[in-house]
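Here is target.cif, consisting of mmCIF, C-alpha atoms (C1' of nucleotides):
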```
data_final
#
loop_
_atom_site.group_PDB
_atom_site.id
_atom_site.type_symbol
_atom_site.label_atom_id
_atom_site.label_comp_id
_atom_site.auth_asym_id
_atom_site.auth_seq_id
_atom_site.Cartn_x
_atom_site.Cartn_y
_atom_site.Cartn_z
ATOM 1 C CA MET X 1051 -19.745 23.943 2.424
ATOM 2 C CA ASN X 1052 -16.981 23.026 4.796
ATOM 3 C CA ILE X 1053 -14.979 19.867 4.590
ATOM 4 C CA GLY X 1054 -17.145 17.735 6.875
ATOM 5 C CA GLU X 1055 -20.276 18.394 4.872
ATOM 6 C CA VAL X 1056 -18.460 17.611 1.667
ATOM 7 C CA ALA X 1057 -17.197 14.392 3.211
ATOM 8 C CA ALA X 1058 -20.736 13.369 4.145
ATOM 9 C CA GLU X 1059 -22.015 14.334 0.722
ATOM 10 C CA THR X 1060 -19.341 12.586 -1.348
ATOM 11 C CA GLY X 1061 -18.426 9.675 0.868
ATOM 12 C CA ILE X 1062 -14.770 10.696 0.850
ATOM 13 C CA THR X 1063 -13.345 11.288 4.318
ATOM 14 C CA SER X 1064 -12.105 14.738 5.299
ATOM 15 C CA LYS X 1065 -8.678 13.225 5.690
ATOM 16 C CA SER X 1066 -8.699 11.961 2.133
ATOM 17 C CA ILE X 1067 -9.931 15.255 0.753
ATOM 18 C CA ARG X 1068 -7.047 17.051 2.432
ATOM 19 C CA TYR X 1069 -4.750 14.341 1.167
ATOM 20 C CA TYR X 1070 -5.992 14.770 -2.403
ATOM 21 C CA GLU X 1071 -5.357 18.464 -2.092
ATOM 22 C CA SER X 1072 -1.885 17.890 -0.703
ATOM 23 C CA ILE X 1073 -0.848 15.737 -3.637
ATOM 24 C CA GLY X 1074 -2.363 18.156 -6.125
ATOM 25 C CA LEU X 1075 -5.105 15.870 -7.389
ATOM 26 C CA ILE X 1076 -7.624 18.589 -6.638
ATOM 27 C CA PRO X 1077 -6.919 22.335 -6.506
ATOM 28 C CA GLU X 1078 -6.468 24.116 -3.200
ATOM 29 C CA ALA X 1079 -9.756 24.923 -1.553
ATOM 30 C CA HIS X 1080 -10.807 28.464 -0.763
ATOM 31 C CA ARG X 1081 -10.536 29.422 2.887
ATOM 32 C CA THR X 1082 -12.773 31.332 5.244
ATOM 33 C CA GLY X 1083 -11.333 34.034 7.487
ATOM 34 C CA GLY X 1084 -10.794 31.418 10.156
ATOM 35 C CA GLY X 1085 -8.871 29.176 7.813
ATOM 36 C CA TYR X 1086 -11.628 26.637 7.166
ATOM 37 C CA ARG X 1087 -11.746 25.120 3.705
ATOM 38 C CA GLN X 1088 -14.797 26.099 1.661
ATOM 39 C CA TYR X 1089 -16.145 24.082 -1.236
ATOM 40 C CA SER X 1090 -18.361 25.188 -4.087
ATOM 41 C CA ASP X 1091 -20.798 22.890 -5.879
ATOM 42 C CA LYS X 1092 -18.265 22.553 -8.638
ATOM 43 C CA ASP X 1093 -15.591 21.453 -6.164
ATOM 44 C CA VAL X 1094 -18.002 18.896 -4.800
ATOM 45 C CA GLN X 1095 -18.738 17.660 -8.287
ATOM 46 C CA ILE X 1096 -15.054 17.089 -8.908
ATOM 47 C CA LEU X 1097 -14.818 15.108 -5.706
ATOM 48 C CA HIS X 1098 -17.742 12.980 -6.836
ATOM 49 C CA PHE X 1099 -15.862 12.394 -10.051
ATOM 50 C CA VAL X 1100 -12.806 11.348 -8.089
ATOM 51 C CA ARG X 1101 -14.751 9.007 -5.856
ATOM 52 C CA ARG X 1102 -16.519 7.315 -8.747
ATOM 53 C CA ALA X 1103 -13.299 6.807 -10.633
ATOM 54 C CA ARG X 1104 -11.592 5.439 -7.514
ATOM 55 C CA ASN X 1105 -14.551 3.132 -6.938
ATOM 56 C CA LEU X 1106 -14.002 1.824 -10.439
ATOM 57 C CA GLY X 1107 -10.504 0.890 -9.350
ATOM 58 C CA PHE X 1108 -8.610 3.639 -11.143
ATOM 59 C CA THR X 1109 -5.432 4.614 -9.351
ATOM 60 C CA VAL X 1110 -5.038 8.194 -8.211
ATOM 61 C CA GLY X 1111 -2.640 8.726 -11.099
ATOM 62 C CA GLU X 1112 -5.265 7.540 -13.548
ATOM 63 C CA VAL X 1113 -7.871 9.741 -11.926
ATOM 64 C CA GLU X 1114 -5.524 12.655 -12.466
ATOM 65 C CA GLU X 1115 -5.347 11.776 -16.157
ATOM 66 C CA LEU X 1116 -9.098 11.424 -16.405
ATOM 67 C CA LEU X 1117 -9.612 14.744 -14.654
ATOM 68 C CA SER X 1118 -7.286 16.513 -17.007
ATOM 69 C CA LEU X 1119 -9.078 14.971 -19.986
ATOM 70 C CA TYR X 1120 -12.312 16.057 -18.402
ATOM 71 C CA ARG X 1121 -11.096 19.610 -18.033
ATOM 72 C CA ASP X 1122 -9.740 19.653 -21.573
ATOM 73 C CA ARG X 1123 -12.744 20.378 -23.711
ATOM 74 C CA GLY X 1124 -10.984 19.528 -26.939
ATOM 75 C CA ARG X 1125 -9.797 16.111 -25.867
ATOM 76 C CA ALA X 1126 -10.536 13.091 -28.003
ATOM 77 C CA SER X 1127 -12.860 10.533 -26.491
ATOM 78 C CA ALA X 1128 -10.471 7.913 -27.874
ATOM 79 C CA ASP X 1129 -7.956 8.905 -25.187
ATOM 80 C CA VAL X 1130 -10.439 8.272 -22.428
ATOM 81 C CA ARG X 1131 -11.564 5.065 -24.018
ATOM 82 C CA GLU X 1132 -7.980 3.865 -24.182
ATOM 83 C CA ILE X 1133 -7.422 4.483 -20.489
ATOM 84 C CA ALA X 1134 -10.646 2.703 -19.672
ATOM 85 C CA ILE X 1135 -9.842 -0.279 -21.857
ATOM 86 C CA LYS X 1136 -6.378 -0.617 -20.431
ATOM 87 C CA HIS X 1137 -7.957 -0.518 -17.005
ATOM 88 C CA ILE X 1138 -10.371 -3.280 -17.956
ATOM 89 C CA THR X 1139 -7.506 -5.527 -18.959
ATOM 90 C CA ASP X 1140 -5.824 -4.720 -15.657
ATOM 91 C CA LEU X 1141 -8.974 -5.738 -13.851
ATOM 92 C CA ASP X 1142 -9.190 -8.925 -15.890
ATOM 93 C CA LYS X 1143 -5.632 -9.813 -14.997
ATOM 94 C CA LYS X 1144 -6.327 -9.312 -11.325
ATOM 95 C CA VAL X 1145 -9.515 -11.335 -11.453
ATOM 96 C CA ALA X 1146 -7.744 -14.187 -13.236
ATOM 97 C CA GLU X 1147 -4.988 -14.126 -10.654
ATOM 98 C CA LEU X 1148 -7.386 -14.208 -7.749
ATOM 99 C CA GLU X 1149 -9.449 -16.953 -9.311
ATOM 100 C CA GLY X 1150 -6.342 -19.038 -9.838
ATOM 101 C CA MET X 1151 -5.507 -18.650 -6.172
ATOM 102 C CA ARG X 1152 -9.034 -19.471 -5.226
ATOM 103 C CA ALA X 1153 -9.084 -22.643 -7.304
ATOM 104 C CA THR X 1154 -5.855 -23.953 -5.816
ATOM 105 C CA LEU X 1155 -6.913 -23.102 -2.337
ATOM 106 C CA THR X 1156 -10.363 -24.592 -2.699
ATOM 107 C CA HIS X 1157 -8.789 -27.756 -3.972
ATOM 108 C CA LEU X 1158 -6.532 -27.893 -0.931
ATOM 109 C CA VAL X 1159 -9.335 -27.174 1.490
ATOM 110 C CA GLU X 1160 -11.369 -29.979 0.021
ATOM 111 C CA LYS X 1161 -8.536 -32.387 0.655
ATOM 112 C CA CYS X 1162 -8.158 -31.250 4.236
ATOM 113 C CA HIS X 1163 -10.356 -33.174 6.639
ATOM 114 C CA GLY X 1164 -10.294 -30.248 9.033
ATOM 115 C CA ASP X 1165 -10.680 -32.059 12.326
ATOM 116 C CA ASP X 1166 -8.374 -32.179 15.331
ATOM 117 C CA ARG X 1167 -5.864 -34.484 13.705
ATOM 118 C CA PRO X 1168 -2.599 -32.771 12.907
ATOM 119 C CA ASP X 1169 -2.302 -34.160 9.400
ATOM 120 C CA CYS X 1170 -3.041 -31.333 6.948
ATOM 121 C CA PRO X 1171 -2.693 -31.478 3.153
ATOM 122 C CA ILE X 1172 -2.710 -27.690 2.935
ATOM 123 C CA LEU X 1173 0.490 -27.339 4.905
ATOM 124 C CA ASP X 1174 1.933 -30.406 3.225
ATOM 125 C CA ASP X 1175 1.415 -28.835 -0.124
ATOM 126 C CA LEU X 1176 2.902 -25.498 0.881
ATOM 127 C CA ALA X 1177 5.929 -27.356 2.227
ATOM 128 C CA ARG X 1178 6.360 -29.785 -0.653
ATOM 129 C CA ALA X 1179 9.895 -30.172 -1.957
ATOM 130 C CA ASP X 1180 9.442 -29.474 -5.661
ATOM 131 C CA GLY X 1181 8.986 -26.242 -7.668
ATOM 132 C CA MET W 1227 23.856 -21.547 -0.523
ATOM 133 C CA ASN W 1228 24.180 -17.796 -0.458
ATOM 134 C CA ILE W 1229 21.295 -15.429 -0.871
ATOM 135 C CA GLY W 1230 21.499 -15.025 -4.643
ATOM 136 C CA GLU W 1231 21.306 -18.736 -5.273
ATOM 137 C CA VAL W 1232 18.379 -19.046 -2.919
ATOM 138 C CA ALA W 1233 16.687 -16.180 -4.732
ATOM 139 C CA ALA W 1234 17.124 -17.948 -8.085
ATOM 140 C CA GLU W 1235 15.912 -21.213 -6.613
ATOM 141 C CA THR W 1236 12.841 -19.901 -4.822
ATOM 142 C CA GLY W 1237 11.868 -17.002 -7.033
ATOM 143 C CA ILE W 1238 11.969 -14.600 -4.095
ATOM 144 C CA THR W 1239 14.336 -11.665 -4.590
ATOM 145 C CA SER W 1240 17.354 -11.248 -2.298
ATOM 146 C CA LYS W 1241 15.831 -7.994 -1.179
ATOM 147 C CA SER W 1242 12.652 -9.723 -0.104
ATOM 148 C CA ILE W 1243 14.498 -12.493 1.679
ATOM 149 C CA ARG W 1244 16.381 -9.911 3.723
ATOM 150 C CA TYR W 1245 13.142 -8.111 4.306
ATOM 151 C CA TYR W 1246 11.449 -11.279 5.552
ATOM 152 C CA GLU W 1247 14.335 -11.790 7.918
ATOM 153 C CA SER W 1248 14.156 -8.198 9.123
ATOM 154 C CA ILE W 1249 10.503 -8.494 10.061
ATOM 155 C CA GLY W 1250 11.025 -11.854 11.726
ATOM 156 C CA LEU W 1251 8.990 -13.914 9.278
ATOM 157 C CA ILE W 1252 11.970 -16.201 8.828
ATOM 158 C CA PRO W 1253 14.767 -16.787 11.352
ATOM 159 C CA GLU W 1254 18.115 -15.039 10.984
ATOM 160 C CA ALA W 1255 20.350 -16.789 8.477
ATOM 161 C CA HIS W 1256 23.722 -18.198 9.441
ATOM 162 C CA ARG W 1257 26.667 -16.144 8.299
ATOM 163 C CA THR W 1258 30.017 -17.005 6.752
ATOM 164 C CA GLY W 1259 33.220 -15.466 8.082
ATOM 165 C CA GLY W 1260 32.814 -12.653 5.578
ATOM 166 C CA GLY W 1261 29.288 -11.905 6.743
ATOM 167 C CA TYR W 1262 27.439 -13.528 3.840
ATOM 168 C CA ARG W 1263 24.153 -15.209 4.637
ATOM 169 C CA GLN W 1264 24.163 -18.988 4.269
ATOM 170 C CA TYR W 1265 21.049 -21.071 3.747
ATOM 171 C CA SER W 1266 20.500 -24.762 4.397
ATOM 172 C CA ASP W 1267 18.071 -26.899 2.425
ATOM 173 C CA LYS W 1268 15.621 -26.546 5.259
ATOM 174 C CA ASP W 1269 15.871 -22.751 5.115
ATOM 175 C CA VAL W 1270 15.207 -22.931 1.405
ATOM 176 C CA GLN W 1271 12.209 -25.145 1.986
ATOM 177 C CA ILE W 1272 10.741 -22.598 4.341
ATOM 178 C CA LEU W 1273 11.218 -19.900 1.739
ATOM 179 C CA HIS W 1274 9.420 -22.070 -0.792
ATOM 180 C CA PHE W 1275 6.611 -22.386 1.711
ATOM 181 C CA VAL W 1276 6.516 -18.622 2.071
ATOM 182 C CA ARG W 1277 6.514 -18.016 -1.655
ATOM 183 C CA ARG W 1278 3.719 -20.494 -2.317
ATOM 184 C CA ALA W 1279 1.584 -19.059 0.417
ATOM 185 C CA ARG W 1280 2.210 -15.499 -0.832
ATOM 186 C CA ASN W 1281 1.369 -16.653 -4.356
ATOM 187 C CA LEU W 1282 -1.928 -17.893 -2.997
ATOM 188 C CA GLY W 1283 -2.553 -14.361 -1.826
ATOM 189 C CA PHE W 1284 -1.979 -14.868 1.887
ATOM 190 C CA THR W 1285 -0.699 -11.771 3.611
ATOM 191 C CA VAL W 1286 2.655 -11.919 5.347
ATOM 192 C CA GLY W 1287 0.805 -12.034 8.650
ATOM 193 C CA GLU W 1288 -1.161 -15.044 7.501
ATOM 194 C CA VAL W 1289 1.985 -16.722 6.263
ATOM 195 C CA GLU W 1290 3.415 -16.226 9.719
ATOM 196 C CA GLU W 1291 0.407 -17.995 11.196
ATOM 197 C CA LEU W 1292 0.644 -20.813 8.692
ATOM 198 C CA LEU W 1293 4.341 -21.217 9.379
ATOM 199 C CA SER W 1294 3.781 -21.452 13.088
ATOM 200 C CA LEU W 1295 1.051 -24.025 12.540
ATOM 201 C CA TYR W 1296 3.433 -25.863 10.257
ATOM 202 C CA ARG W 1297 6.135 -25.863 12.881
ATOM 203 C CA ASP W 1298 3.720 -26.961 15.593
ATOM 204 C CA ARG W 1299 3.463 -30.703 15.131
ATOM 205 C CA GLY W 1300 0.446 -31.031 17.369
ATOM 206 C CA ARG W 1301 -1.636 -28.408 15.599
ATOM 207 C CA ALA W 1302 -5.116 -29.271 14.468
ATOM 208 C CA SER W 1303 -5.693 -29.265 10.732
ATOM 209 C CA ALA W 1304 -8.971 -27.492 11.468
ATOM 210 C CA ASP W 1305 -6.995 -24.354 12.331
ATOM 211 C CA VAL W 1306 -5.274 -24.332 8.988
ATOM 212 C CA ARG W 1307 -8.475 -25.105 7.193
ATOM 213 C CA GLU W 1308 -10.142 -22.181 8.898
ATOM 214 C CA ILE W 1309 -7.458 -19.759 7.782
ATOM 215 C CA ALA W 1310 -7.700 -21.098 4.255
ATOM 216 C CA ILE W 1311 -11.462 -20.855 4.146
ATOM 217 C CA LYS W 1312 -11.440 -17.331 5.473
ATOM 218 C CA HIS W 1313 -8.927 -16.515 2.803
ATOM 219 C CA ILE W 1314 -11.149 -17.976 0.110
ATOM 220 C CA THR W 1315 -13.990 -15.716 1.155
ATOM 221 C CA ASP W 1316 -11.580 -12.775 1.064
ATOM 222 C CA LEU W 1317 -10.613 -13.727 -2.462
ATOM 223 C CA ASP W 1318 -14.252 -14.046 -3.439
ATOM 224 C CA LYS W 1319 -14.979 -10.601 -2.110
ATOM 225 C CA LYS W 1320 -12.141 -9.108 -4.097
ATOM 226 C CA VAL W 1321 -13.162 -10.908 -7.256
ATOM 227 C CA ALA W 1322 -16.738 -9.716 -6.905
ATOM 228 C CA GLU W 1323 -15.546 -6.167 -6.378
ATOM 229 C CA LEU W 1324 -13.307 -6.224 -9.415
ATOM 230 C CA GLU W 1325 -15.981 -7.799 -11.560
ATOM 231 C CA GLY W 1326 -18.434 -5.114 -10.524
ATOM 232 C CA MET W 1327 -15.958 -2.468 -11.603
ATOM 233 C CA ARG W 1328 -15.293 -4.307 -14.810
ATOM 234 C CA ALA W 1329 -18.973 -4.538 -15.659
ATOM 235 C CA THR W 1330 -19.578 -0.838 -15.125
ATOM 236 C CA LEU W 1331 -16.525 0.130 -17.048
ATOM 237 C CA THR W 1332 -17.230 -2.215 -19.935
ATOM 238 C CA HIS W 1333 -20.682 -0.776 -20.168
ATOM 239 C CA LEU W 1334 -19.235 2.726 -20.341
ATOM 240 C CA VAL W 1335 -16.635 1.793 -22.898
ATOM 241 C CA GLU W 1336 -19.295 0.299 -25.126
ATOM 242 C CA LYS W 1337 -21.183 3.563 -25.056
ATOM 243 C CA CYS W 1338 -18.073 5.556 -25.954
ATOM 244 C CA HIS W 1339 -17.548 5.867 -29.684
ATOM 245 C CA GLY W 1340 -13.836 6.394 -29.103
ATOM 246 C CA ASP W 1341 -12.994 8.560 -32.057
ATOM 247 C CA ASP W 1342 -11.565 12.074 -32.170
ATOM 248 C CA ARG W 1343 -14.789 13.728 -31.148
ATOM 249 C CA PRO W 1344 -14.639 15.194 -27.665
ATOM 250 C CA ASP W 1345 -17.982 13.830 -26.545
ATOM 251 C CA CYS W 1346 -17.336 10.993 -24.103
ATOM 252 C CA PRO W 1347 -19.956 9.127 -22.056
ATOM 253 C CA ILE W 1348 -17.297 7.775 -19.745
ATOM 254 C CA LEU W 1349 -16.340 11.202 -18.478
ATOM 255 C CA ASP W 1350 -19.971 12.287 -18.545
ATOM 256 C CA ASP W 1351 -20.873 9.455 -16.242
ATOM 257 C CA LEU W 1352 -18.011 10.104 -13.852
ATOM 258 C CA ALA W 1353 -19.067 13.741 -13.699
ATOM 259 C CA ARG W 1354 -22.806 13.160 -13.411
ATOM 260 C CA ALA W 1355 -24.551 15.174 -10.765
ATOM 261 C CA ASP W 1356 -26.361 12.498 -8.774
ATOM 262 C CA GLY W 1357 -25.164 9.988 -6.170
ATOM 263 C "C1'" DC T 537 -18.566 37.134 28.705
ATOM 264 C "C1'" DC T 538 -17.353 32.503 29.222
ATOM 265 C "C1'" DT T 539 -17.545 27.857 28.468
ATOM 266 C "C1'" DT T 540 -18.553 23.596 26.150
ATOM 267 C "C1'" DG T 541 -18.354 20.659 22.380
ATOM 268 C "C1'" DA T 542 -18.148 19.849 17.707
ATOM 269 C "C1'" DC T 543 -15.568 20.804 14.026
ATOM 270 C "C1'" DC T 544 -11.585 22.534 11.849
ATOM 271 C "C1'" DT T 545 -6.273 23.255 11.233
ATOM 272 C "C1'" DT T 546 -1.301 21.392 10.577
ATOM 273 C "C1'" DC T 547 2.101 18.060 11.039
ATOM 274 C "C1'" DC T 548 4.218 13.702 12.014
ATOM 275 C "C1'" DA T 549 4.108 8.767 12.048
ATOM 276 C "C1'" DG T 550 2.473 4.411 10.629
ATOM 277 C "C1'" DT T 551 0.362 0.941 7.463
ATOM 278 C "C1'" DA T 552 1.713 -3.408 3.615
ATOM 279 C "C1'" DA T 553 5.183 -5.382 1.344
ATOM 280 C "C1'" DC T 554 8.383 -4.452 -0.645
ATOM 281 C "C1'" DT T 555 11.939 -1.746 -4.155
ATOM 282 C "C1'" DG T 556 15.791 1.424 -5.417
ATOM 283 C "C1'" DG T 557 19.975 3.272 -4.497
ATOM 284 C "C1'" DA T 558 24.197 4.732 -2.088
ATOM 285 C "C1'" DA T 559 28.358 3.403 0.053
ATOM 286 C "C1'" DC T 560 31.023 -0.121 1.204
ATOM 287 C "C1'" DC T 561 32.801 -5.126 1.811
ATOM 288 C "C1'" DT T 562 33.965 -10.012 -0.009
ATOM 289 C "C1'" DA T 563 35.081 -13.528 -3.286
ATOM 290 C "C1'" DT T 564 37.039 -15.113 -7.457
ATOM 291 C "C1'" DG T 565 39.541 -15.231 -11.736
ATOM 292 C "C1'" DT T 566 43.309 -13.318 -14.609
ATOM 293 C "C1'" DA J 28 46.821 -5.938 -8.448
ATOM 294 C "C1'" DC J 29 42.564 -5.365 -10.272
ATOM 295 C "C1'" DA J 30 38.070 -6.119 -12.389
ATOM 296 C "C1'" DT J 31 33.672 -7.647 -11.674
ATOM 297 C "C1'" DA J 32 30.135 -9.941 -9.608
ATOM 298 C "C1'" DG J 33 28.323 -10.845 -5.822
ATOM 299 C "C1'" DG J 34 27.307 -9.635 -0.952
ATOM 300 C "C1'" DT J 35 26.419 -6.086 3.329
ATOM 301 C "C1'" DT J 36 23.740 -2.151 5.795
ATOM 302 C "C1'" DC J 37 20.840 1.646 5.889
ATOM 303 C "C1'" DC J 38 17.794 5.168 4.323
ATOM 304 C "C1'" DA J 39 14.230 6.736 1.361
ATOM 305 C "C1'" DG J 40 10.355 6.052 -1.626
ATOM 306 C "C1'" DT J 41 6.230 3.679 -3.196
ATOM 307 C "C1'" DT J 42 0.336 3.668 -2.799
ATOM 308 C "C1'" DA J 43 -3.388 5.704 -0.798
ATOM 309 C "C1'" DC J 44 -4.480 6.744 2.815
ATOM 310 C "C1'" DT J 45 -5.368 6.584 8.386
ATOM 311 C "C1'" DG J 46 -4.512 7.776 13.318
ATOM 312 C "C1'" DG J 47 -3.295 10.871 16.584
ATOM 313 C "C1'" DA J 48 -1.433 14.988 18.913
ATOM 314 C "C1'" DA J 49 -1.698 19.872 19.713
ATOM 315 C "C1'" DG J 50 -4.089 23.583 18.917
ATOM 316 C "C1'" DG J 51 -7.516 27.110 16.493
ATOM 317 C "C1'" DT J 52 -12.676 28.314 15.246
ATOM 318 C "C1'" DC J 53 -17.587 28.528 15.620
ATOM 319 C "C1'" DA J 54 -22.346 28.387 17.385
ATOM 320 C "C1'" DA J 55 -25.218 27.682 21.268
ATOM 321 C "C1'" DG J 56 -26.331 27.999 26.142
ATOM 322 C "C1'" DG J 57 -25.926 29.865 30.869
#
```
Turn the structure described in the file into C-alpha cells.
Amino acid sequence: MNIGEVAAETGITSKSIRYYESIGLIPEAHRTGGGYRQYSDKDVQILHFVRRARNLGFTVGEVEELLSLYRDRGRASADVREIAIKHITDLDKKVAELEGMRATLTHLVEKCHGDDRPDCPILDDLARADG
Amino acid sequence: MNIGEVAAETGITSKSIRYYESIGLIPEAHRTGGGYRQYSDKDVQILHFVRRARNLGFTVGEVEELLSLYRDRGRASADVREIAIKHITDLDKKVAELEGMRATLTHLVEKCHGDDRPDCPILDDLARADG
DNA sequence: CCTTGACCTTCCAGTAACTGGAACCTATGT
DNA sequence: ACATAGGTTCCAGTTACTGGAAGGTCAAGG
C-alpha cells in the first residue's frame, strides 16, 4: 500500500504519517524503486494503534511509550495501566477546568440582556477592578 | 509600575506581557529614560481584562475582539453575548470530547488487571484489527 | 511515444501562545 | 566600585501538525 491508501484506511493524513516518521514515532517505511513509501499490513496496524491512542487524547510522547510497551512482550500490564490512569486524571483536570469556565461564562451570559444597548455585564465583569 | 510588579499584580508573566505587546493585543507601554516599560493603572486594568478572558478559555484573537468591543462605547451587548455563547458551545464540544475519551479509557483500565503479567487489554484494544 | 492528471517526494514556513536562554543594560544598596 | 536584582532584545524551541512550492513517478489514453 502506498501512503494515500494508508491515509484513507487509517484516517491519518499522508502529511501526518510522514510527520510521524520524521519524528521517529513510527519506523521508516520501505520504498519502491521510484521512492514511494510502501506499507505492510503490520505498518498499517501500528498506524491504527497510533490513531486510536491519539483519539483517546494521548500525546505523541505517550503514544511512543505505549508503542514501546506494546512491542515489549515482557512488559507488565501495570505500566500501561499507570499511564492510562494518569491520563484519566489529566482528562478529569481538563474537564473540570472547562466546566468551571463554562459555568462562569453561562452565568455572565444570563445576566447580559443581549440587545442593542451598549450596557454589557460580561465586559463589565472582565474589566472589574478587583482580583 | 514596571513590568515585574504588573506581572505579580495580574498573574501574567513578564514574558507574556511583552508577548501581548509584540502581537499588538495591548498597546505599546510607555518607557522610562532607561528603557523600562511603565504601566498606568489603566494599563493594568486592561491586563486584568486579558487574563480573565484567557482564564475563561477565550483565544487571544477572541480577547482582541472583546477588547475592541470594550473600547467601543457604542457597541451592542448582543455582539459580546454572541461571542460568549459561541464560546460556550466550543467549551461544551471540548468537554464532550474529553468525556468520551475518559469513558473509553476508564472502561479499558477497569478491564486491565494491572499486575506484573504482560497481558493487557488496553494495548490489545489499541492494536485491534478493526476500525 | 507523449501527454495528462493523480499521486508521490522533499523542504521550508506557519500555526497558537507562549517559554527558555543568551547577552547585555539599568537601578539600587553597601 | 560592585553585587544583585531587575529590566531589555532577539532567537530558538515547544506541540502536532498543516499548507504550499517545486519537482519526480505512475497508469491510462490518444
Write out as a ChimeraX atom specification which residues come within 10 Å of stretch 542-556 of chain T when counting only C-alpha atoms (C1' of nucleotides), dropping same-chain ones fewer than 3 positions away.
/X:1052-1054,1084-1087 /W:1241-1242,1245-1246,1285-1286 /J:39-42,44-54
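When the PyMOL selection byres ((chain W and resi 1273) around 10) is evaluated against the file, it yields Ala1177 of chain X; Val1232, Ala1233, Glu1235, Thr1236, Gly1237, Ile1238, Ile1243, Tyr1246, Leu1251, Ile1252, Asp1267, Lys1268, Asp1269, Val1270, Gln1271, Ile1272, His1274, Phe1275, Val1276, Arg1277, Arg1278 and Ala1279 of chain W.
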Would you mind listing, for every residue of chain X within 7 Å of chain W, the two atoms forming the shortest contact and the distance between them in Å to one decimal, using only C-alpha atoms, sorted by chain and ascending residue number, as JSON lines?
```
{"residue": "X:Gln1095", "atom": "CA", "partner": "W:Ala1353", "partner_atom": "CA", "distance": 6.7}
{"residue": "X:Phe1099", "atom": "CA", "partner": "W:Leu1352", "partner_atom": "CA", "distance": 4.9}
{"residue": "X:Arg1102", "atom": "CA", "partner": "W:Leu1352", "partner_atom": "CA", "distance": 6.0}
{"residue": "X:Ala1103", "atom": "CA", "partner": "W:Leu1352", "partner_atom": "CA", "distance": 6.6}
{"residue": "X:Leu1106", "atom": "CA", "partner": "W:Met1327", "partner_atom": "CA", "distance": 4.9}
{"residue": "X:Gly1107", "atom": "CA", "partner": "W:Met1327", "partner_atom": "CA", "distance": 6.8}
{"residue": "X:Tyr1120", "atom": "CA", "partner": "W:Leu1349", "partner_atom": "CA", "distance": 6.3}
{"residue": "X:Arg1123", "atom": "CA", "partner": "W:Pro1344", "partner_atom": "CA", "distance": 6.8}
{"residue": "X:Gly1124", "atom": "CA", "partner": "W:Pro1344", "partner_atom": "CA", "distance": 5.7}
{"residue": "X:Arg1125", "atom": "CA", "partner": "W:Pro1344", "partner_atom": "CA", "distance": 5.2}
{"residue": "X:Ala1126", "atom": "CA", "partner": "W:Asp1342", "partner_atom": "CA", "distance": 4.4}
{"residue": "X:Ser1127", "atom": "CA", "partner": "W:Gly1340", "partner_atom": "CA", "distance": 5.0}
{"residue": "X:Ala1128", "atom": "CA", "partner": "W:Gly1340", "partner_atom": "CA", "distance": 3.9}
{"residue": "X:Arg1131", "atom": "CA", "partner": "W:Gly1340", "partner_atom": "CA", "distance": 5.7}
{"residue": "X:Ala1134", "atom": "CA", "partner": "W:Val1335", "partner_atom": "CA", "distance": 6.9}
{"residue": "X:Ile1138", "atom": "CA", "partner": "W:Arg1328", "partner_atom": "CA", "distance": 5.9}
{"residue": "X:Leu1141", "atom": "CA", "partner": "W:Leu1324", "partner_atom": "CA", "distance": 6.2}
{"residue": "X:Val1145", "atom": "CA", "partner": "W:Val1321", "partner_atom": "CA", "distance": 5.6}
{"residue": "X:Leu1148", "atom": "CA", "partner": "W:Leu1317", "partner_atom": "CA", "distance": 6.2}
{"residue": "X:Met1151", "atom": "CA", "partner": "W:Leu1282", "partner_atom": "CA", "distance": 4.8}
{"residue": "X:Arg1152", "atom": "CA", "partner": "W:Ile1314", "partner_atom": "CA", "distance": 5.9}
{"residue": "X:Leu1155", "atom": "CA", "partner": "W:Ala1310", "partner_atom": "CA", "distance": 6.9}
{"residue": "X:Val1159", "atom": "CA", "partner": "W:Arg1307", "partner_atom": "CA", "distance": 6.1}
{"residue": "X:Cys1162", "atom": "CA", "partner": "W:Arg1307", "partner_atom": "CA", "distance": 6.8}
{"residue": "X:Gly1164", "atom": "CA", "partner": "W:Ala1304", "partner_atom": "CA", "distance": 3.9}
{"residue": "X:Asp1165", "atom": "CA", "partner": "W:Ala1304", "partner_atom": "CA", "distance": 5.0}
{"residue": "X:Asp1166", "atom": "CA", "partner": "W:Ala1302", "partner_atom": "CA", "distance": 4.5}
{"residue": "X:Arg1167", "atom": "CA", "partner": "W:Ala1302", "partner_atom": "CA", "distance": 5.3}
{"residue": "X:Pro1168", "atom": "CA", "partner": "W:Ala1302", "partner_atom": "CA", "distance": 4.6}
{"residue": "X:Asp1169", "atom": "CA", "partner": "W:Ser1303", "partner_atom": "CA", "distance": 6.1}
{"residue": "X:Cys1170", "atom": "CA", "partner": "W:Ser1303", "partner_atom": "CA", "distance": 5.1}
{"residue": "X:Leu1173", "atom": "CA", "partner": "W:Tyr1296", "partner_atom": "CA", "distance": 6.3}
{"residue": "X:Leu1176", "atom": "CA", "partner": "W:Phe1275", "partner_atom": "CA", "distance": 4.9}
{"residue": "X:Ala1177", "atom": "CA", "partner": "W:Phe1275", "partner_atom": "CA", "distance": 5.0}
{"residue": "X:Ala1179", "atom": "CA", "partner": "W:Gln1271", "partner_atom": "CA", "distance": 6.8}
```
Restrict the calculation to all atoms listed in the file, then for each residue of chain J with any atom at most 12 Å from an atom of chain W give the closest atom pair and their distance in Å to one decimal, rows by chain and rising residue number, as a Markdown table.
```
| residue | atom | partner | partner_atom | distance |
| --- | --- | --- | --- | --- |
| J:DA32 | C1' | W:Gly1230 | CA | 11.2 |
| J:DG33 | C1' | W:Gly1230 | CA | 8.1 |
| J:DG34 | C1' | W:Tyr1262 | CA | 6.2 |
| J:DT35 | C1' | W:Gly1261 | CA | 7.3 |
| J:DT36 | C1' | W:Arg1244 | CA | 10.9 |
```
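You will find atom CA of X:Glu1112 at 13.0 Å from atom C1' of J:DA43.
Atom CA of X:Glu1071 sits 11.9 Å away from atom CA of X:Glu1114.
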To one decimal place, how far is atom C1' of T:DG565 from atom CA of W:Gln1264 in Å?
22.5 Å
